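A.B. asks: My file is my_file.tsv. It has TSV, C-alpha atoms and all ligand atoms:
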```tsv
chain	number	residue	atom	x	y	z
A	1	SER	CA	167.33	57.60	-79.22
A	2	TRP	CA	163.85	57.62	-77.75
A	3	THR	CA	161.45	55.12	-79.27
A	4	THR	CA	158.26	53.65	-77.88
A	5	GLY	CA	159.67	50.17	-78.48
A	6	SER	CA	162.75	50.86	-76.39
A	7	ILE	CA	160.63	52.30	-73.57
A	8	VAL	CA	158.60	49.10	-73.52
A	9	GLU	CA	161.71	46.90	-73.53
A	10	GLU	CA	163.37	48.94	-70.82
A	11	GLN	CA	160.29	48.90	-68.58
A	12	VAL	CA	159.64	45.19	-69.12
A	13	ALA	CA	163.21	44.43	-68.02
A	14	ALA	CA	162.92	46.73	-64.99
A	15	ILE	CA	159.59	45.20	-63.95
A	16	ARG	CA	160.98	41.66	-64.24
A	17	ALA	CA	163.93	42.63	-62.09
A	18	GLN	CA	161.69	44.25	-59.50
A	19	ILE	CA	159.00	41.56	-59.21
A	20	GLY	CA	161.23	38.52	-59.68
A	21	SER	CA	159.22	35.38	-58.98
A	22	LYS	CA	156.68	37.05	-56.69
A	23	ARG	CA	153.10	38.01	-57.54
A	24	ALA	CA	151.54	41.40	-58.27
A	25	ILE	CA	148.06	42.86	-58.35
A	26	CYS	CA	146.64	45.82	-60.20
A	27	ALA	CA	143.34	47.71	-59.97
A	28	LEU	CA	141.93	48.47	-63.42
A	29	SER	CA	139.65	51.48	-63.71
A	30	GLY	CA	138.76	51.32	-67.40
A	31	GLY	CA	141.06	54.29	-67.98
A	32	VAL	CA	144.17	54.41	-70.13
A	33	ASP	CA	146.77	54.73	-67.34
A	34	SER	CA	145.87	51.66	-65.32
A	35	ALA	CA	145.31	49.67	-68.54
A	36	VAL	CA	148.76	50.51	-69.94
A	37	ALA	CA	150.48	49.92	-66.59
A	38	ALA	CA	148.78	46.53	-66.28
A	39	ALA	CA	149.57	45.62	-69.89
A	40	LEU	CA	153.26	46.41	-69.33
A	41	VAL	CA	153.45	44.35	-66.16
A	42	ASN	CA	151.57	41.55	-67.87
A	43	ARG	CA	154.07	41.63	-70.74
A	44	ALA	CA	156.84	41.38	-68.16
A	45	VAL	CA	155.59	38.74	-65.73
A	46	GLY	CA	152.43	37.27	-67.32
A	47	GLU	CA	150.47	35.09	-64.93
A	48	GLN	CA	152.24	36.46	-61.89
A	49	LEU	CA	149.95	39.47	-62.31
A	50	THR	CA	146.26	39.48	-61.38
A	51	CYS	CA	144.16	42.48	-62.42
A	52	VAL	CA	141.14	43.42	-60.35
A	53	TYR	CA	138.28	45.43	-61.77
A	54	VAL	CA	135.66	46.73	-59.36
A	55	ASP	CA	132.37	47.30	-61.17
A	56	HIS	CA	130.70	50.00	-59.09
A	57	GLY	CA	127.71	50.14	-61.43
A	58	LEU	CA	128.48	53.77	-62.27
A	59	MET	CA	130.24	53.12	-65.56
A	60	ARG	CA	128.99	54.14	-68.97
A	61	LYS	CA	127.41	51.77	-71.46
A	62	GLY	CA	129.85	49.08	-72.62
A	63	GLU	CA	132.80	50.16	-70.45
A	64	THR	CA	132.85	47.17	-68.13
A	65	GLU	CA	132.59	44.86	-71.12
A	66	GLN	CA	135.49	46.73	-72.71
A	67	VAL	CA	137.72	45.85	-69.76
A	68	GLU	CA	136.30	42.35	-69.42
A	69	LYS	CA	136.63	41.42	-73.10
A	70	ASP	CA	138.79	43.83	-75.11
A	71	PHE	CA	141.51	44.40	-72.52
A	72	VAL	CA	141.79	40.71	-71.76
A	73	ALA	CA	141.72	39.79	-75.45
A	74	ALA	CA	144.51	42.27	-76.23
A	75	THR	CA	146.78	41.39	-73.31
A	76	GLY	CA	145.89	37.88	-72.17
A	77	ALA	CA	145.99	39.23	-68.62
A	78	THR	CA	144.33	37.44	-65.72
A	79	LEU	CA	141.32	39.49	-64.61
A	80	ARG	CA	139.00	39.30	-61.64
A	81	LEU	CA	135.79	41.19	-62.01
A	82	VAL	CA	134.05	42.15	-58.80
A	83	ASP	CA	130.42	43.14	-59.29
A	84	ALA	CA	129.79	45.53	-56.43
A	85	SER	CA	127.03	47.66	-57.96
A	86	GLU	CA	124.44	46.61	-55.40
A	87	ARG	CA	126.72	47.63	-52.58
A	88	PHE	CA	127.49	51.04	-54.09
A	89	LEU	CA	123.80	51.76	-54.75
A	90	ASP	CA	122.91	50.82	-51.18
A	91	ALA	CA	125.62	53.10	-49.82
A	92	LEU	CA	124.46	55.96	-52.03
A	93	ALA	CA	120.75	55.64	-51.21
A	94	GLY	CA	119.24	58.94	-50.11
A	95	VAL	CA	122.44	60.93	-50.75
A	96	SER	CA	122.35	64.07	-52.92
A	97	ASP	CA	125.30	66.10	-51.65
A	98	PRO	CA	128.21	65.97	-54.17
A	99	GLU	CA	131.07	65.69	-51.69
A	100	THR	CA	129.24	63.07	-49.64
A	101	LYS	CA	128.68	61.04	-52.82
A	102	ARG	CA	132.36	61.32	-53.74
A	103	LYS	CA	133.47	60.22	-50.28
A	104	ILE	CA	131.07	57.26	-50.21
A	105	ILE	CA	132.13	56.05	-53.65
A	106	GLY	CA	135.83	56.43	-52.82
A	107	ARG	CA	135.42	54.66	-49.48
A	108	GLU	CA	133.41	51.74	-50.90
A	109	PHE	CA	135.87	51.37	-53.75
A	110	ILE	CA	138.78	51.02	-51.35
A	111	ARG	CA	136.86	48.53	-49.18
A	112	VAL	CA	135.89	46.34	-52.11
A	113	PHE	CA	139.38	46.43	-53.58
A	114	GLU	CA	140.99	45.63	-50.23
A	115	GLN	CA	138.66	42.68	-49.85
A	116	ALA	CA	139.59	41.34	-53.31
A	117	GLN	CA	143.22	41.97	-52.48
A	118	ALA	CA	142.98	40.07	-49.21
A	119	GLU	CA	141.34	37.12	-50.98
A	120	LEU	CA	144.11	37.00	-53.55
A	121	VAL	CA	146.80	37.19	-50.91
A	122	ALA	CA	145.13	34.35	-48.97
A	123	GLU	CA	144.80	32.14	-52.07
A	124	ALA	CA	148.38	32.75	-53.14
A	125	GLY	CA	149.57	32.17	-49.60
A	126	ALA	CA	147.83	28.80	-49.55
A	127	ALA	CA	149.79	27.95	-52.69
A	128	GLY	CA	153.03	28.98	-50.98
A	129	GLU	CA	153.38	32.13	-53.07
A	130	ASP	CA	153.91	35.70	-52.07
A	131	VAL	CA	151.85	38.65	-53.33
A	132	ALA	CA	154.26	41.49	-52.75
A	133	PHE	CA	153.56	44.12	-55.42
A	134	LEU	CA	150.83	46.63	-56.22
A	135	VAL	CA	150.83	48.09	-59.74
A	136	GLN	CA	149.76	51.71	-60.18
A	137	GLY	CA	149.42	53.88	-63.27
A	138	THR	CA	151.11	56.93	-61.77
A	139	LEU	CA	152.27	59.37	-64.48
A	140	TYR	CA	155.11	61.88	-64.40
A	141	PRO	CA	152.78	64.86	-63.80
A	142	ASP	CA	151.27	63.01	-60.79
A	143	VAL	CA	154.77	62.50	-59.38
A	144	VAL	CA	155.64	66.18	-59.82
A	145	GLU	CA	152.29	67.31	-58.44
A	146	SER	CA	152.39	65.24	-55.27
A	147	GLY	CA	156.07	66.02	-54.59
A	148	GLY	CA	156.01	69.62	-55.68
A	149	GLY	CA	153.76	71.01	-52.98
A	150	THR	CA	152.03	73.54	-55.24
A	151	GLY	CA	149.55	74.47	-52.53
A	152	THR	CA	146.54	74.39	-54.81
A	153	ALA	CA	143.22	74.28	-53.05
A	154	ASN	CA	141.41	70.96	-53.11
A	155	ILE	CA	138.12	71.91	-54.70
A	156	LYS	CA	136.69	68.43	-55.09
A	157	SER	CA	137.85	65.26	-53.41
A	158	HIS	CA	139.21	63.16	-56.24
A	159	HIS	CA	138.84	59.47	-56.65
A	160	ASN	CA	140.92	57.36	-58.98
A	161	VAL	CA	142.79	54.10	-58.77
A	162	GLY	CA	146.05	55.96	-58.27
A	163	GLY	CA	144.69	57.11	-54.92
A	164	LEU	CA	144.48	53.68	-53.33
A	165	PRO	CA	145.89	53.36	-49.84
A	166	GLU	CA	149.50	52.28	-49.96
A	167	ASP	CA	149.34	49.12	-47.98
A	168	ILE	CA	152.72	48.92	-46.30
A	169	GLU	CA	152.96	45.24	-47.06
A	170	PHE	CA	153.03	46.02	-50.77
A	171	GLN	CA	155.76	47.54	-52.83
A	172	LEU	CA	154.60	49.78	-55.63
A	173	VAL	CA	155.28	49.05	-59.29
A	174	GLU	CA	154.85	52.28	-61.24
A	175	PRO	CA	156.06	51.71	-64.80
A	176	LEU	CA	154.62	55.01	-66.12
A	177	ARG	CA	156.35	57.29	-63.63
A	178	GLN	CA	158.54	58.90	-66.27
A	179	LEU	CA	155.88	59.32	-68.91
A	180	PHE	CA	153.42	61.98	-70.01
A	181	LYS	CA	149.92	61.11	-71.13
A	182	ASP	CA	150.67	61.19	-74.87
A	183	GLU	CA	153.63	58.83	-74.30
A	184	VAL	CA	151.42	56.49	-72.29
A	185	ARG	CA	149.02	56.33	-75.24
A	186	LEU	CA	151.93	55.46	-77.58
A	187	VAL	CA	153.07	52.70	-75.23
A	188	GLY	CA	149.50	51.40	-75.08
A	189	GLN	CA	149.38	51.33	-78.85
A	190	GLU	CA	152.73	49.51	-78.99
A	191	LEU	CA	151.32	46.91	-76.58
A	192	GLY	CA	148.34	46.34	-78.87
A	193	LEU	CA	145.63	47.80	-76.66
A	194	PRO	CA	142.42	48.69	-78.52
A	195	GLU	CA	141.91	52.22	-79.79
A	196	GLU	CA	138.92	52.78	-77.46
A	197	ILE	CA	141.15	52.24	-74.45
A	198	VAL	CA	144.25	54.03	-75.75
A	199	HIS	CA	142.36	57.14	-76.78
A	200	ARG	CA	139.72	57.15	-74.10
A	201	GLN	CA	138.75	60.60	-72.95
A	202	PRO	CA	138.98	61.42	-69.23
A	203	PHE	CA	136.23	59.94	-67.11
A	204	PRO	CA	136.00	60.57	-63.37
A	205	GLY	CA	136.56	57.74	-60.88
A	206	PRO	CA	133.11	58.26	-59.26
A	207	GLY	CA	131.61	57.79	-62.73
A	208	LEU	CA	128.01	58.61	-63.47
A	209	GLY	CA	127.41	58.96	-59.73
A	210	ILE	CA	128.54	62.58	-59.94
A	211	ARG	CA	126.65	63.25	-63.19
A	212	ILE	CA	123.25	62.66	-61.65
A	213	ILE	CA	122.31	65.84	-59.85
A	214	GLY	CA	120.27	64.43	-57.00
A	215	GLU	CA	120.07	60.95	-55.54
A	216	VAL	CA	121.70	58.13	-57.51
A	217	THR	CA	119.28	55.31	-58.30
A	218	ARG	CA	119.47	52.37	-60.68
A	219	GLU	CA	116.66	53.80	-62.80
A	220	ARG	CA	118.36	57.19	-63.13
A	221	LEU	CA	121.67	55.53	-63.97
A	222	ASP	CA	120.03	53.53	-66.75
A	223	LEU	CA	118.47	56.67	-68.14
A	224	LEU	CA	121.72	58.66	-68.06
A	225	ARG	CA	123.64	55.73	-69.57
A	226	GLU	CA	121.29	55.76	-72.57
A	227	ALA	CA	121.62	59.52	-73.09
A	228	ASP	CA	125.40	59.38	-72.67
A	229	ALA	CA	125.70	56.53	-75.18
A	230	ILE	CA	123.80	58.56	-77.77
A	231	VAL	CA	126.08	61.56	-77.26
A	232	ARG	CA	129.23	59.47	-77.57
A	233	GLU	CA	127.90	57.69	-80.63
A	234	GLU	CA	127.10	60.97	-82.40
A	235	LEU	CA	130.40	62.64	-81.45
A	236	THR	CA	132.28	59.63	-82.82
A	237	ALA	CA	130.17	59.56	-85.99
A	238	ALA	CA	130.96	63.26	-86.49
A	239	GLY	CA	134.68	62.50	-86.12
A	240	LEU	CA	135.07	64.86	-83.18
A	241	ASP	CA	136.46	62.53	-80.49
A	242	ARG	CA	140.01	63.89	-80.79
A	243	ASP	CA	138.88	67.53	-81.07
A	244	ILE	CA	137.08	67.78	-77.79
A	245	TRP	CA	138.60	67.06	-74.40
A	246	GLN	CA	135.51	65.31	-73.06
A	247	CYS	CA	131.76	65.75	-72.98
A	248	PRO	CA	130.09	65.01	-69.66
A	249	VAL	CA	126.37	64.32	-69.98
A	250	VAL	CA	124.49	65.33	-66.85
A	251	LEU	CA	121.02	64.35	-65.64
A	252	LEU	CA	119.12	66.95	-63.61
A	253	ALA	CA	117.23	64.30	-61.72
A	254	ASP	CA	115.50	66.65	-59.28
A	255	VAL	CA	114.29	69.05	-61.97
A	256	ARG	CA	111.24	68.50	-64.14
A	257	SER	CA	109.79	70.64	-66.88
A	258	VAL	CA	106.65	70.51	-68.95
A	259	GLY	CA	106.82	69.31	-72.52
A	260	VAL	CA	104.61	67.92	-75.25
A	261	GLN	CA	105.14	64.71	-77.16
A	262	GLY	CA	102.73	63.11	-79.59
A	263	ASP	CA	99.39	64.32	-78.29
A	264	GLY	CA	100.30	64.25	-74.66
A	265	ARG	CA	101.77	66.52	-72.04
A	266	THR	CA	105.05	65.31	-70.55
A	267	TYR	CA	106.72	66.24	-67.29
A	268	GLY	CA	110.27	64.97	-67.63
A	269	HIS	CA	113.89	65.65	-66.74
A	270	PRO	CA	116.44	67.85	-68.55
A	271	ILE	CA	119.78	66.52	-69.79
A	272	VAL	CA	122.77	68.87	-69.91
A	273	LEU	CA	125.54	68.50	-72.50
A	274	ARG	CA	128.92	69.72	-71.27
A	275	PRO	CA	131.35	69.50	-74.24
A	276	VAL	CA	134.69	71.13	-73.39
A	277	SER	CA	138.02	71.90	-75.02
A	278	SER	CA	141.06	71.87	-72.77
A	279	GLU	CA	144.81	71.21	-72.61
A	280	ASP	CA	145.06	69.87	-69.07
A	281	ALA	CA	141.57	70.14	-67.44
A	282	MET	CA	142.81	72.98	-65.21
A	283	THR	CA	141.07	75.47	-67.46
A	284	ALA	CA	138.55	74.73	-70.20
A	285	ASP	CA	136.32	76.39	-72.72
A	286	TRP	CA	132.96	75.10	-73.95
A	287	SER	CA	133.27	73.45	-77.36
A	288	ARG	CA	131.51	75.12	-80.26
A	289	LEU	CA	129.89	71.95	-81.59
A	290	PRO	CA	128.16	72.19	-84.99
A	291	TYR	CA	124.47	73.07	-84.68
A	292	ASP	CA	123.37	70.14	-86.85
A	293	LEU	CA	125.20	67.74	-84.56
A	294	LEU	CA	123.58	69.31	-81.49
A	295	ALA	CA	120.19	69.06	-83.20
A	296	ARG	CA	120.72	65.37	-83.95
A	297	ILE	CA	121.76	64.65	-80.38
A	298	SER	CA	118.77	66.56	-79.01
A	299	ASN	CA	116.31	64.76	-81.29
A	300	ARG	CA	117.70	61.36	-80.52
A	301	ILE	CA	117.81	61.83	-76.74
A	302	THR	CA	114.25	63.17	-76.49
A	303	ASN	CA	112.97	60.43	-78.81
A	304	GLU	CA	114.91	57.51	-77.41
A	305	VAL	CA	115.31	58.19	-73.70
A	306	ARG	CA	112.19	57.79	-71.66
A	307	ASP	CA	111.48	60.56	-69.14
A	308	VAL	CA	113.85	63.07	-70.78
A	309	ASN	CA	112.00	65.85	-72.56
A	310	ARG	CA	114.59	68.60	-72.76
A	311	VAL	CA	118.26	68.85	-73.82
A	312	THR	CA	120.33	71.85	-72.79
A	313	LEU	CA	123.88	73.01	-73.53
A	314	ASP	CA	126.32	74.23	-70.89
A	315	ILE	CA	128.18	77.27	-72.27
A	316	THR	CA	130.28	78.05	-69.17
A	317	SER	CA	134.07	78.15	-69.30
A	318	LYS	CA	136.32	76.83	-66.48
A	319	PRO	CA	136.71	78.92	-64.42
A	320	PRO	CA	134.14	79.77	-63.18
A	321	GLY	CA	132.43	76.44	-63.91
A	322	THR	CA	134.22	73.15	-63.30
A	323	ILE	CA	134.07	70.53	-66.05
A	324	GLU	CA	131.94	68.14	-64.00
A	325	TRP	CA	128.79	69.43	-62.32
A	326	GLU	CA	129.64	67.85	-58.98
B	1	LIG	P1	136.64	69.36	-62.76
B	1	LIG	O1	135.18	69.01	-62.64
B	1	LIG	O2	137.31	69.50	-61.43
B	1	LIG	O3	137.33	68.15	-63.49
B	1	LIG	O4	136.84	70.58	-63.64
B	1	LIG	C1	138.65	68.18	-64.01
B	1	LIG	C2	138.95	66.85	-64.68
B	1	LIG	O5	139.05	65.81	-63.73
B	1	LIG	C3	138.09	64.80	-63.98
B	1	LIG	N1	137.62	64.35	-62.67
B	1	LIG	C4	138.07	63.25	-62.04
B	1	LIG	N2	138.97	62.31	-62.42
B	1	LIG	N3	138.64	61.18	-60.38
B	1	LIG	C5	139.23	61.27	-61.59
B	1	LIG	O6	140.03	60.39	-61.93
B	1	LIG	C6	137.74	62.10	-59.91
B	1	LIG	O7	137.22	62.00	-58.81
B	1	LIG	C7	137.44	63.18	-60.80
B	1	LIG	N4	136.62	64.26	-60.70
B	1	LIG	C8	136.75	64.97	-61.86
B	1	LIG	C9	137.03	65.46	-64.83
B	1	LIG	O8	136.31	64.52	-65.62
B	1	LIG	C10	137.87	66.40	-65.65
B	1	LIG	O9	138.52	65.73	-66.72
```
Would you give me this structure, written as structure tokens?
C.D. replies:
Amino acid sequence: SWTTGSIVEEQVAAIRAQIGSKRAICALSGGVDSAVAAALVNRAVGEQLTCVYVDHGLMRKGETEQVEKDFVAATGATLRLVDASERFLDALAGVSDPETKRKIIGREFIRVFEQAQAELVAEAGAAGEDVAFLVQGTLYPDVVESGGGTGTANIKSHHNVGGLPEDIEFQLVEPLRQLFKDEVRLVGQELGLPEEIVHRQPFPGPGLGIRIIGEVTRERLDLLREADAIVREELTAAGLDRDIWQCPVVLLADVRSVGVQGDGRTYGHPIVLRPVSSEDAMTADWSRLPYDLLARISNRITNEVRDVNRVTLDITSKPPGTIEWE
């Protein structure tokens, strides 16, 4: 019969058989899929696996630390953290167009990862070892989608660690290929991954870069990170994390409006809250969050986040709106 424990055992045995005595690498994104895939491979081959985490500087508050500390503490996996935030910010300077931003972030991510990959291969080679495997968190729906040829229009160019170029020198290890998302979460739990990773809501690969409407700058990222942290804190405190699908927080960086605070006039930016309910992100409805919760979020953001003097709520379903603003 189907149990999470038997899935883990079965996969661990299959991974050991596949990798043998060679080495493997895995790109961690902070998301549940890559974390569970890496944890499984780590359980199977331990130090033969090296995880690489590219910090593009577009993550939310505490997320990089979560990978750096909590993931490593839970799994004992070997992790290389590449701080590439400077590089991403430079590449994004002066860019406001959403698709251009997505392409730049995707391109830089691949370049940085390939560089880390090449370094690892060189080091292992010097030690007489062979890095032959690339671990990916591909799920069953991804397999069906890419093989099924559904002919759906590509509305936004997506970026995630599953979309890395398949270097022909690497063989893929995809231990989640037969699993659905809820099963992946159960496996993650079984492997002892922290709740925050196992039940993380979806977060786009390009991160906060596509939640700043306008040019992405360090200052704007800091501001959005603060607002986003407040929203997540309040949603968690209200016990609503499992009820909503996700809640993008968007900074309208090119818009200013007049406000009043203390005894002074302000001229600051609006923040948009985009809480949605959904089954699969293909369609979505805006979440009817309690008014007192919205009031608390609004008060806290305008009081605590410098330069933000207005909080607005997105009440558009998908379609016609997408979940993200870019
Ligand atoms: P949209 O905005 O198209 O988003 O309604 C649908 C879902 O996909 C997430 N999303 C992404 N996930 N890489 C990802 O891994 C991406 O580039 C990306 N863009 C959007 C979005 O957060 C929502 O859950």
A.B. asks: What residues of the protein or nucleic acid chains come within 6 Å of ligand LIG 1 (chain B) when you use only C-alpha atoms and all ligand atoms? Reply as a list in words.
C.D. replies: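 Checking only C-alpha atoms and all ligand atoms against ligand LIG 1 (chain B) at 6 Å gives His158, His159, Asn160, Pro202, Phe203, Pro204, Gly205, Pro206, Ala281, Thr322, Ile323 and Glu324 of chain A.
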A.B. asks: Can you list every residue of stretch 136-220 of chain A that has an atom at most 8 Å from stretch 93-114 of chain A, with its nearest atom pair and the distance in Å to one decimal, using only C-alpha atoms, ordered by chain then number, as JSON lines?
C.D. replies:
```
{"residue": "A:Lys156", "atom": "CA", "partner": "A:Glu99", "partner_atom": "CA", "distance": 7.1}
{"residue": "A:Ser157", "atom": "CA", "partner": "A:Arg102", "partner_atom": "CA", "distance": 6.8}
{"residue": "A:His158", "atom": "CA", "partner": "A:Arg102", "partner_atom": "CA", "distance": 7.5}
{"residue": "A:His159", "atom": "CA", "partner": "A:Gly106", "partner_atom": "CA", "distance": 5.7}
{"residue": "A:Leu164", "atom": "CA", "partner": "A:Ile110", "partner_atom": "CA", "distance": 6.6}
{"residue": "A:Pro165", "atom": "CA", "partner": "A:Ile110", "partner_atom": "CA", "distance": 7.6}
{"residue": "A:Pro206", "atom": "CA", "partner": "A:Ile105", "partner_atom": "CA", "distance": 6.1}
{"residue": "A:Gly209", "atom": "CA", "partner": "A:Lys101", "partner_atom": "CA", "distance": 7.3}
{"residue": "A:Ile210", "atom": "CA", "partner": "A:Pro98", "partner_atom": "CA", "distance": 6.7}
{"residue": "A:Ile213", "atom": "CA", "partner": "A:Ser96", "partner_atom": "CA", "distance": 7.2}
{"residue": "A:Gly214", "atom": "CA", "partner": "A:Ser96", "partner_atom": "CA", "distance": 4.6}
{"residue": "A:Glu215", "atom": "CA", "partner": "A:Ser96", "partner_atom": "CA", "distance": 4.7}
{"residue": "A:Val216", "atom": "CA", "partner": "A:Ala93", "partner_atom": "CA", "distance": 6.8}
{"residue": "A:Thr217", "atom": "CA", "partner": "A:Ala93", "partner_atom": "CA", "distance": 7.2}
```
A.B. asks: Store the residues of this selection in a file with C-alpha atoms, as a short mmCIF file (atom, residue, chain, number, x, y, z; two decimals), keeping the file's coordinate frame.
C.D. replies:
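Result file follows (out-v9.cif):
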```cif
data_model
loop_
_atom_site.label_atom_id
_atom_site.label_comp_id
_atom_site.auth_asym_id
_atom_site.auth_seq_id
_atom_site.Cartn_x
_atom_site.Cartn_y
_atom_site.Cartn_z
CA LYS A 156 136.69 68.43 -55.09
CA SER A 157 137.85 65.26 -53.41
CA HIS A 158 139.21 63.16 -56.24
CA HIS A 159 138.84 59.47 -56.65
CA LEU A 164 144.48 53.68 -53.33
CA PRO A 165 145.89 53.36 -49.84
CA PRO A 206 133.11 58.26 -59.26
CA GLY A 209 127.41 58.96 -59.73
CA ILE A 210 128.54 62.58 -59.94
CA ILE A 213 122.31 65.84 -59.85
CA GLY A 214 120.27 64.43 -57.00
CA GLU A 215 120.07 60.95 -55.54
CA VAL A 216 121.70 58.13 -57.51
CA THR A 217 119.28 55.31 -58.30
#
```
A.B. asks: Would you mind listing, for every residue of stretch 59-120 of chain A within 12 Å of stretch 219-222 of chain A, the two atoms forming the shortest contact and the distance between them in Å to one decimal, using all atoms listed in the file, sorted by chain and ascending residue number, as CSV?
C.D. replies:
```
residue,atom,partner,partner_atom,distance
A:Met59,CA,A:Leu221,CA,9.0
A:Arg60,CA,A:Leu221,CA,9.0
A:Lys61,CA,A:Asp222,CA,8.9
A:Ser85,CA,A:Leu221,CA,11.3
A:Leu89,CA,A:Leu221,CA,10.2
```
A.B. asks: Within 8 Å of stretch 228-236 of chain A, counting all atoms listed in the file, which residues show up once you throw out same-chain ones fewer than 4 positions away? Write them as JSON, numbers by chain, please.
C.D. replies: {"A": [60, 61, 224, 240, 241, 248, 249, 293, 296, 297, 300, 301]}
A.B. asks: Write a file of the just-selected residues containing C-alpha atoms, as a PDB file, in the frame of the given file.
C.D. replies:
```pdb
ATOM      1  CA  ARG A  60     128.990  54.140 -68.970  1.00  0.00           C
ATOM      2  CA  LYS A  61     127.410  51.770 -71.460  1.00  0.00           C
ATOM      3  CA  LEU A 224     121.720  58.660 -68.060  1.00  0.00           C
ATOM      4  CA  LEU A 240     135.070  64.860 -83.180  1.00  0.00           C
ATOM      5  CA  ASP A 241     136.460  62.530 -80.490  1.00  0.00           C
ATOM      6  CA  PRO A 248     130.090  65.010 -69.660  1.00  0.00           C
ATOM      7  CA  VAL A 249     126.370  64.320 -69.980  1.00  0.00           C
ATOM      8  CA  LEU A 293     125.200  67.740 -84.560  1.00  0.00           C
ATOM      9  CA  ARG A 296     120.720  65.370 -83.950  1.00  0.00           C
ATOM     10  CA  ILE A 297     121.760  64.650 -80.380  1.00  0.00           C
ATOM     11  CA  ARG A 300     117.700  61.360 -80.520  1.00  0.00           C
ATOM     12  CA  ILE A 301     117.810  61.830 -76.740  1.00  0.00           C
TER      13      ILE A 301
END
```
A.B. asks: Give me the residues near A:Tyr267 as a list in words, where near means some atom within 9 Å (using all atoms listed in the file) and where sequence neighbours in that chain fewer than 5 positions away do not count.
C.D. replies: Arg256, Ser257, Val258, Gly259, Val260, Asp307, Val308 and Asn309 of chain A
A.B. asks: Between atom CA of A:Gln246 and atom CA of A:Trp286, what is the distance in Å, rounded to a tenth?
C.D. replies: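 If I compute the distance from atom CA of A:Gln246 to atom CA of A:Trp286, I get 10.2 Å.
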A.B. asks: Using Å and a single decimal, report how far atom CA of A:Gln48 sits from atom CA of A:Gly20.
C.D. replies: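 We find that atom CA of A:Gly20 and atom CA of A:Gln48 lie 9.5 Å from each other.
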A.B. asks: Just want the 12 Å neighbourhood of A:Leu134, counted on all atoms listed in the file, with same-chain residues fewer than 4 positions away dropped. Output as a PyMOL selection string.
C.D. replies: chain A and resi 15+18-19+22-28+34+37-38+41+48-52+113-114+117+121+138+161-162+164-175
A.B. asks: Using 12 Å as the limit and counting all atoms listed in the file, can you tabulate each residue of stretch 197-224 of chain A that touches stretch 64-70 of chain A, with its shortest atom-to-atom distance in Å and the two atoms involved, as a tab-separated table?
C.D. replies:
```
residue	atom	partner	partner_atom	distance
A:Ile197	CA	A:Gln66	CA	8.1
A:Val198	CA	A:Asp70	CA	11.6
A:Arg200	CA	A:Gln66	CA	11.3
A:Gly207	CA	A:Thr64	CA	12.0
```
A.B. asks: Store the residues picked out above, limited to C-alpha atoms, as a PDB file, in the frame of the given file.
C.D. replies:
```
ATOM      1  CA  ILE A 197     141.150  52.240 -74.450  1.00  0.00           C
ATOM      2  CA  VAL A 198     144.250  54.030 -75.750  1.00  0.00           C
ATOM      3  CA  ARG A 200     139.720  57.150 -74.100  1.00  0.00           C
ATOM      4  CA  GLY A 207     131.610  57.790 -62.730  1.00  0.00           C
TER       5      GLY A 207
END
```
A.B. asks: Hey, which of A:Asp292, A:Ile212, A:Ala44, A:Val187 ends up closest to A:Ser6? Count only C-alpha atoms.
C.D. replies: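 Among the listed residues, the smallest separation from A:Ser6 belongs to A:Val187.
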